[in-house]
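As provided, target_14.csv (CSV, C-alpha atoms and all ligand atoms) reads as follows.
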chain,number,residue,atom,x,y,z
A,20,MET,CA,0.0,0.0,0.0
A,21,PRO,CA,1.4,3.4,-1.0
A,22,GLU,CA,2.6,5.3,2.1
A,23,LEU,CA,4.3,8.7,2.1
A,24,PRO,CA,7.5,7.6,0.2
A,25,GLU,CA,5.5,5.9,-2.6
A,26,VAL,CA,3.1,8.8,-2.9
A,27,GLU,CA,6.0,11.2,-3.2
A,28,THR,CA,7.4,9.2,-6.1
A,29,ALA,CA,4.0,9.6,-7.8
A,30,ARG,CA,3.9,13.3,-7.1
A,31,SER,CA,7.4,13.9,-8.3
A,32,LEU,CA,6.7,11.9,-11.5
A,33,ILE,CA,3.7,14.2,-12.2
A,34,ALA,CA,5.8,17.3,-11.5
A,35,ASP,CA,8.6,16.1,-13.8
A,36,GLN,CA,6.6,14.8,-16.7
A,37,ALA,CA,2.9,15.8,-16.7
A,38,LEU,CA,2.9,19.6,-16.2
A,39,HIS,CA,2.1,22.1,-19.0
A,40,ARG,CA,0.6,19.5,-21.3
A,41,ARG,CA,-2.9,20.5,-22.5
A,42,ILE,CA,-5.7,18.2,-21.5
A,43,VAL,CA,-7.9,17.4,-24.5
A,44,ASP,CA,-10.0,14.6,-23.0
A,45,VAL,CA,-10.7,13.0,-19.6
A,46,ASP,CA,-12.0,9.5,-18.9
A,47,ASP,CA,-13.9,9.8,-15.6
A,48,SER,CA,-16.4,7.1,-16.3
A,49,ASP,CA,-15.5,5.2,-13.0
A,50,SER,CA,-18.1,6.8,-10.8
A,51,TYR,CA,-16.8,5.1,-7.7
A,52,VAL,CA,-13.2,6.4,-8.0
A,53,GLY,CA,-14.6,9.8,-9.0
A,54,ARG,CA,-17.3,10.0,-6.3
A,55,PRO,CA,-19.0,12.3,-5.4
A,56,HIS,CA,-18.7,13.6,-8.9
A,57,SER,CA,-20.9,12.2,-11.6
A,58,PRO,CA,-19.3,10.8,-14.8
A,59,GLY,CA,-18.5,13.8,-17.1
A,60,GLU,CA,-18.2,16.3,-14.3
A,61,LEU,CA,-14.4,16.0,-14.0
A,62,ARG,CA,-14.2,15.9,-17.8
A,63,SER,CA,-16.0,19.2,-18.3
A,64,ALA,CA,-14.1,20.8,-15.4
A,65,LEU,CA,-10.6,19.8,-16.7
A,66,THR,CA,-10.8,19.6,-20.5
A,67,GLY,CA,-8.8,22.5,-22.1
A,68,ARG,CA,-6.6,23.1,-19.0
A,69,SER,CA,-3.1,22.0,-18.1
A,70,LEU,CA,-1.6,20.8,-14.9
A,71,ILE,CA,0.7,23.5,-13.5
A,72,ALA,CA,1.9,22.3,-10.1
A,73,ALA,CA,1.9,19.0,-8.2
A,74,HIS,CA,1.7,19.1,-4.4
A,75,ARG,CA,1.5,16.4,-1.6
A,76,ARG,CA,0.5,16.2,2.0
A,77,GLY,CA,0.7,12.8,3.6
A,78,LYS,CA,-0.8,10.4,1.1
A,79,THR,CA,-2.8,13.0,-0.8
A,80,ILE,CA,-1.7,14.5,-4.0
A,81,TRP,CA,-3.3,17.6,-5.4
A,82,LEU,CA,-2.7,19.2,-8.7
A,83,GLU,CA,-3.2,22.9,-9.7
A,84,THR,CA,-4.7,23.5,-13.2
A,85,SER,CA,-4.4,26.4,-15.6
A,86,GLY,CA,-7.0,28.5,-17.2
A,87,THR,CA,-8.5,27.3,-20.4
A,88,GLY,CA,-6.2,29.2,-22.8
A,89,ASP,CA,-7.8,32.5,-22.8
A,90,ALA,CA,-5.3,34.8,-21.1
A,91,ALA,CA,-8.0,36.4,-19.0
A,92,ALA,CA,-9.4,33.0,-17.9
A,93,PRO,CA,-8.8,32.3,-14.2
A,94,GLY,CA,-7.0,29.1,-13.0
A,95,GLY,CA,-9.0,25.9,-12.9
A,96,PRO,CA,-9.9,23.6,-10.0
A,97,GLU,CA,-7.5,21.5,-8.1
A,98,ILE,CA,-7.5,17.8,-8.7
A,99,GLY,CA,-7.1,15.6,-5.6
A,100,ILE,CA,-5.6,12.1,-6.1
A,101,HIS,CA,-5.4,9.4,-3.5
A,102,LEU,CA,-3.7,6.2,-4.4
A,103,GLY,CA,-5.7,4.0,-2.0
A,104,MET,CA,-4.3,0.6,-1.4
A,105,SER,CA,-2.8,-0.2,-4.8
A,106,GLY,CA,-2.8,2.9,-7.0
A,107,ARG,CA,0.0,3.9,-9.3
A,108,ILE,CA,0.3,7.0,-11.5
A,109,VAL,CA,1.3,6.1,-15.1
A,110,VAL,CA,2.5,9.0,-17.3
A,111,THR,CA,2.9,8.4,-21.0
A,112,GLY,CA,5.1,10.8,-22.9
A,113,PRO,CA,4.5,12.3,-26.4
A,114,ASP,CA,6.9,9.7,-27.7
A,115,GLY,CA,5.1,6.8,-26.1
A,116,SER,CA,7.6,6.4,-23.2
A,117,VAL,CA,6.0,5.2,-20.0
A,118,ALA,CA,7.0,6.2,-16.4
A,119,GLU,CA,5.3,5.0,-13.2
A,120,GLY,CA,5.2,5.9,-9.6
A,121,GLY,CA,3.2,4.8,-6.6
A,122,ASP,CA,2.4,1.4,-5.2
A,123,PRO,CA,5.5,-0.8,-5.5
A,124,HIS,CA,5.4,-3.8,-7.9
A,125,ARG,CA,2.8,-5.8,-6.1
A,126,TYR,CA,0.8,-6.4,-9.3
A,127,GLU,CA,3.7,-6.5,-11.7
A,128,ALA,CA,3.5,-10.2,-12.2
A,129,ARG,CA,-0.1,-10.2,-13.2
A,130,PRO,CA,-1.4,-9.3,-16.6
A,131,ARG,CA,-2.9,-5.8,-16.4
A,132,LYS,CA,-6.5,-5.4,-17.1
A,133,ALA,CA,-7.9,-2.4,-19.0
A,134,GLU,CA,-10.4,-1.6,-16.3
A,135,TRP,CA,-7.7,-1.1,-13.8
A,136,SER,CA,-7.1,2.3,-15.4
A,137,ARG,CA,-9.6,4.2,-13.3
A,138,PHE,CA,-9.1,7.7,-14.4
A,139,THR,CA,-7.3,9.2,-17.4
A,140,LEU,CA,-6.2,12.6,-18.6
A,141,MET,CA,-5.4,12.6,-22.3
A,142,PHE,CA,-3.0,15.2,-23.5
A,143,ALA,CA,-2.9,17.1,-26.8
A,144,ASP,CA,0.6,15.7,-27.5
A,145,GLY,CA,-0.8,12.1,-27.6
A,146,GLY,CA,0.4,11.1,-24.1
A,147,SER,CA,-1.6,10.6,-21.0
A,148,LEU,CA,-1.8,10.4,-17.2
A,149,VAL,CA,-3.5,7.4,-15.7
A,150,LEU,CA,-4.5,6.4,-12.2
A,151,PHE,CA,-3.9,2.6,-12.4
A,152,ASP,CA,-5.5,0.9,-9.5
A,153,PRO,CA,-6.3,-2.8,-9.4
A,154,ARG,CA,-8.1,-2.7,-6.0
A,155,ARG,CA,-10.1,0.4,-6.9
A,156,LEU,CA,-9.7,2.1,-3.5
A,157,GLY,CA,-8.0,5.2,-5.0
A,158,ARG,CA,-9.9,8.4,-5.5
A,159,VAL,CA,-10.0,11.4,-7.7
A,160,ARG,CA,-11.9,14.5,-6.8
A,161,LEU,CA,-12.0,18.2,-7.4
A,162,ASN,CA,-10.8,20.7,-4.8
A,163,PRO,CA,-9.9,18.2,-2.0
A,164,ASP,CA,-10.0,19.4,1.6
A,165,ILE,CA,-6.3,19.3,2.4
A,166,GLY,CA,-7.0,21.2,5.7
A,167,ALA,CA,-8.6,18.0,7.1
A,168,LEU,CA,-5.1,16.4,7.1
A,169,GLY,CA,-2.5,16.9,9.8
A,170,PRO,CA,1.0,18.2,9.0
A,171,ASP,CA,3.0,16.0,6.6
A,172,ALA,CA,5.0,13.4,8.4
A,173,ALA,CA,8.2,14.5,6.6
A,174,GLN,CA,7.7,18.1,7.7
A,175,VAL,CA,6.2,17.9,11.2
A,176,THR,CA,8.3,19.6,13.8
A,177,PRO,CA,9.3,18.0,17.2
A,178,ALA,CA,6.9,20.4,19.0
A,179,GLU,CA,4.0,19.6,16.7
A,180,PHE,CA,4.7,15.9,16.9
A,181,ARG,CA,4.6,15.9,20.7
A,182,ARG,CA,1.3,17.8,20.7
A,183,LEU,CA,-0.4,15.7,18.1
A,184,ILE,CA,0.9,12.3,19.3
A,185,THR,CA,0.3,12.5,23.1
A,186,LYS,CA,-3.3,13.9,23.4
A,187,GLY,CA,-6.0,11.5,24.5
A,188,THR,CA,-5.8,7.8,25.5
A,189,ILE,CA,-5.7,5.9,22.2
A,190,ALA,CA,-3.1,3.3,21.4
A,191,VAL,CA,0.0,4.9,19.9
A,192,LYS,CA,-0.1,2.8,16.7
A,193,ALA,CA,-3.7,4.0,16.0
A,194,ARG,CA,-2.5,7.6,16.5
A,195,LEU,CA,0.3,7.2,14.1
A,196,LEU,CA,-2.2,6.0,11.5
A,197,ASP,CA,-4.6,8.9,12.1
A,198,GLN,CA,-4.1,11.1,9.0
A,199,SER,CA,-5.9,14.0,10.6
A,200,LYS,CA,-3.1,14.2,13.2
A,201,ILE,CA,0.0,13.4,11.2
A,202,ALA,CA,-0.3,12.6,7.5
A,203,GLY,CA,1.6,10.0,5.5
A,204,VAL,CA,2.3,7.1,7.9
A,205,GLY,CA,0.6,3.8,6.9
A,206,ASN,CA,0.6,0.4,8.4
A,207,LEU,CA,4.2,-0.7,7.5
A,208,LEU,CA,5.8,2.6,8.4
A,209,ALA,CA,4.0,2.7,11.7
A,210,ASP,CA,5.2,-0.7,12.8
A,211,GLU,CA,8.7,0.2,11.7
A,212,ILE,CA,8.7,3.5,13.6
A,213,LEU,CA,7.5,1.7,16.8
A,214,TRP,CA,10.1,-1.0,16.5
A,215,GLN,CA,12.9,1.5,15.9
A,216,ALA,CA,11.7,3.5,19.0
A,217,ARG,CA,11.2,0.3,21.1
A,218,VAL,CA,7.7,1.4,21.9
A,219,SER,CA,4.7,-1.0,22.2
A,220,PRO,CA,2.0,-0.4,19.5
A,221,LEU,CA,-0.5,-0.9,22.3
A,222,ALA,CA,0.9,1.8,24.6
A,223,ARG,CA,-1.6,4.4,25.4
A,224,VAL,CA,-0.5,7.8,24.1
A,225,ASP,CA,-1.0,9.4,27.6
A,226,SER,CA,1.5,6.8,29.0
A,227,LEU,CA,4.4,7.8,26.8
A,228,SER,CA,7.3,9.3,28.5
A,229,SER,CA,9.2,12.3,27.1
A,230,VAL,CA,12.0,10.0,26.2
A,231,GLN,CA,9.7,7.7,24.3
A,232,VAL,CA,8.1,10.6,22.4
A,233,ASN,CA,11.6,11.8,21.4
A,234,ARG,CA,12.6,8.3,20.3
A,235,LEU,CA,9.4,8.1,18.2
A,236,TYR,CA,10.1,11.4,16.5
A,237,ARG,CA,13.6,10.4,15.6
A,238,ALA,CA,12.4,7.0,14.4
A,239,LEU,CA,9.7,8.7,12.2
A,240,LYS,CA,12.4,10.8,10.5
A,241,SER,CA,14.9,8.0,10.1
A,242,VAL,CA,12.3,5.5,8.8
A,243,LEU,CA,11.0,8.0,6.3
A,244,GLU,CA,14.6,8.8,5.1
A,245,SER,CA,15.4,5.1,4.8
A,246,ALA,CA,12.2,4.2,3.0
A,247,LYS,CA,12.8,7.1,0.5
A,248,ALA,CA,16.4,6.0,-0.1
A,249,LYS,CA,15.5,2.4,-0.5
A,250,GLY,CA,12.4,2.8,-2.6
A,251,GLY,CA,9.4,2.5,-0.3
A,252,ALA,CA,7.7,1.4,3.0
A,253,HIS,CA,8.2,-2.3,2.0
A,254,THR,CA,12.0,-2.0,2.5
A,255,GLY,CA,11.9,-1.6,6.3
A,256,ASP,CA,14.1,-3.7,8.7
A,257,ILE,CA,11.2,-5.7,10.2
A,258,ILE,CA,9.4,-6.5,6.9
A,259,ALA,CA,11.1,-9.9,6.7
A,260,ALA,CA,10.0,-10.7,10.3
A,261,ARG,CA,6.3,-10.0,9.7
A,262,HIS,CA,5.2,-13.6,9.7
A,263,PRO,CA,4.4,-16.4,12.3
A,264,GLY,CA,7.7,-17.6,13.7
A,265,GLY,CA,9.5,-14.3,12.7
A,266,THR,CA,12.2,-13.0,15.0
A,267,CYS,CA,13.3,-9.5,15.8
A,268,PRO,CA,16.3,-8.6,13.7
A,269,ARG,CA,17.8,-6.7,16.7
A,270,ASP,CA,17.7,-9.2,19.5
A,271,GLY,CA,16.2,-12.4,18.0
A,272,ALA,CA,13.1,-12.4,20.3
A,273,PRO,CA,9.9,-13.8,18.8
A,274,MET,CA,7.8,-11.2,16.9
A,275,GLU,CA,4.3,-10.8,18.3
A,276,HIS,CA,1.2,-10.2,16.2
A,277,GLY,CA,-2.1,-8.6,16.8
A,278,THR,CA,-4.6,-6.1,15.4
A,279,VAL,CA,-4.0,-2.6,16.6
A,280,GLY,CA,-5.9,0.4,15.1
A,281,GLY,CA,-7.7,-2.0,12.9
A,282,ARG,CA,-4.5,-3.1,11.2
A,283,SER,CA,-2.3,-6.2,11.2
A,284,THR,CA,0.6,-5.3,13.6
A,285,TRP,CA,3.9,-7.0,14.3
A,286,TRP,CA,6.3,-6.1,17.2
A,287,CYS,CA,9.2,-7.4,19.2
A,288,SER,CA,7.9,-9.4,22.2
A,289,ARG,CA,10.9,-8.4,24.3
A,290,GLU,CA,11.9,-4.8,23.4
A,291,GLN,CA,8.3,-3.6,22.8
A,292,ALA,CA,6.6,-5.3,25.7
A,293,LEU,CA,3.7,-3.3,27.0
A,294,VAL,CA,4.8,-3.8,30.6
A,295,ALA,CA,7.6,-1.4,30.2
A,296,GLU,CA,5.3,1.3,29.1
A,297,GLN,CA,2.8,1.5,31.9
A,298,PRO,CA,1.9,5.1,33.0
A,299,ARG,CA,4.0,6.1,35.9
A,300,ARG,CA,2.4,8.7,38.1
A,301,GLY,CA,5.4,9.6,40.1
A,302,PRO,CA,6.5,13.3,40.3
A,303,LYS,CA,9.6,12.5,38.3
A,304,THR,CA,7.9,11.5,35.1
A,305,ARG,CA,5.0,13.9,35.4
A,306,ALA,CA,7.4,16.8,34.9
A,307,GLY,CA,8.7,15.3,31.7
A,401,ZN,ZN,13.7,-7.0,19.6
As a first step, turn the structure in this file into structure tokens.
Amino acid sequence: MPELPEVETARSLIADQALHRRIVDVDDSDSYVGRPHSPGELRSALTGRSLIAAHRRGKTIWLETSGTGDAAAPGGPEIGIHLGMSGRIVVTGPDGSVAEGGDPHRYEARPRKAEWSRFTLMFADGGSLVLFDPRRLGRVRLNPDIGALGPDAAQVTPAEFRRLITKGTIAVKARLLDQSKIAGVGNLLADEILWQARVSPLARVDSLSSVQVNRLYRALKSVLESAKAKGGAHTGDIIAARHPGGTCPRDGAPMEHGTVGGRSTWWCSREQALVAEQPRRGPKTRAG
């Protein structure tokens, strides 16, 4: 599933290869991916315009569009794109060259079906931009509400992180997945961050010590850097241990499995044991 690093590859692909190409037609016939818009609505809103900038916050991409050619025409709507669980952006150049970004190679082995192309911008130069999405959980909509998302995980400051992570009583893993608090962390990155920080996914956020919050912040940054450098969230250190019988790559302890925040979760039974994370009410930790 595309998390922040994969979505960033899709955004940068659009920024590098899809801007300033005039849109001459739009296939928005998939009314599920295009909800709440009706088929034809995206087409009439976008035909005649060009993409002029590609932005991202967390796992949401949004694209600015130009006016329709008349110098006096105002800029067009923004296009929001979410890659869902399996989406990729496929950009075809004027020369027929194809470049892709997004969900990493999970579907490469299977023959591609035409209906997996859920949304298409056709350019005047003969090329196109396609949202390719086998599982159909991606989404395209006009003028997305970016304000509903928390700060981007790659940009969040230590002070923002502390404030957004520690409020309430929810399990820390569920909080890391909450895109309205911090945007961009999905299931694999969350487990990797918790493992790096040696924090139980089940720990209540109000039980986290100052030291643990600092470790989580440093782990967030290093896990994002590493995933970006290595090509995605699936390159983390505990990926190979996410199975029954898997052992922690740091100390060899058995990995534990459970459902936290509604998602399949793996953690080190020794270093991430919940018992070490109980709230301590003494004056020493309250100050921190
Ligand atoms: Zn361990």
Checklist line | Contacts of ligand ZN 401 (chain A), 7 Å or closer, only C-alpha atoms and all ligand atoms, given as a list in words | finding: Cys267, Pro268, Arg269, Asp270, Gly271, Ala272, Cys287, Ser288, Arg289 and Glu290 of chain A
Notebook entry, point to check: Which residue, A:Pro177, A:Gly166, A:Pro113, A:Gly120, has the smallest gap to Gly146 (chain A) when you use only C-alpha atoms?
Noted result: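 Of the candidates, the smallest distance to Gly146 (chain A) is held by A:Pro113.
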Next item on the list: Could you check how far CA of Ala178 (chain A) sits from CA of Leu293 (chain A), in Å to one decimal?
Entry: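 Distance reported for this atom pair: 25.2 Å.
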Item checked: Pick from A:His101, A:Arg107, A:Arg30, A:Arg41, whichever lies nearest to His74 (chain A) using all atoms listed in the file -> A:Arg30
Notebook entry, point to check: For Thr28 (chain A), which of A:Ala209, A:Leu161, A:Val149, A:Ala73 is the closest residue, counting all atoms listed in the file?
Noted result: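 Closest candidate: A:Ala73.
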Note to self: One decimal, in Å: what's the spacing between CA of Ile80 (chain A) and CA of Pro24 (chain A)?
What the structure shows: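 Pair CA of Ile80 (chain A) / CA of Pro24 (chain A) returns 12.2 Å.
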Item checked: Shell of 10 Å around Gly88 (chain A), only C-alpha atoms, local chain residues under 5 positions omitted, as a list in words ->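 Here the answer would be Arg41, Gly67, Arg68, Ser69, Pro93 and Gly94 of chain A.
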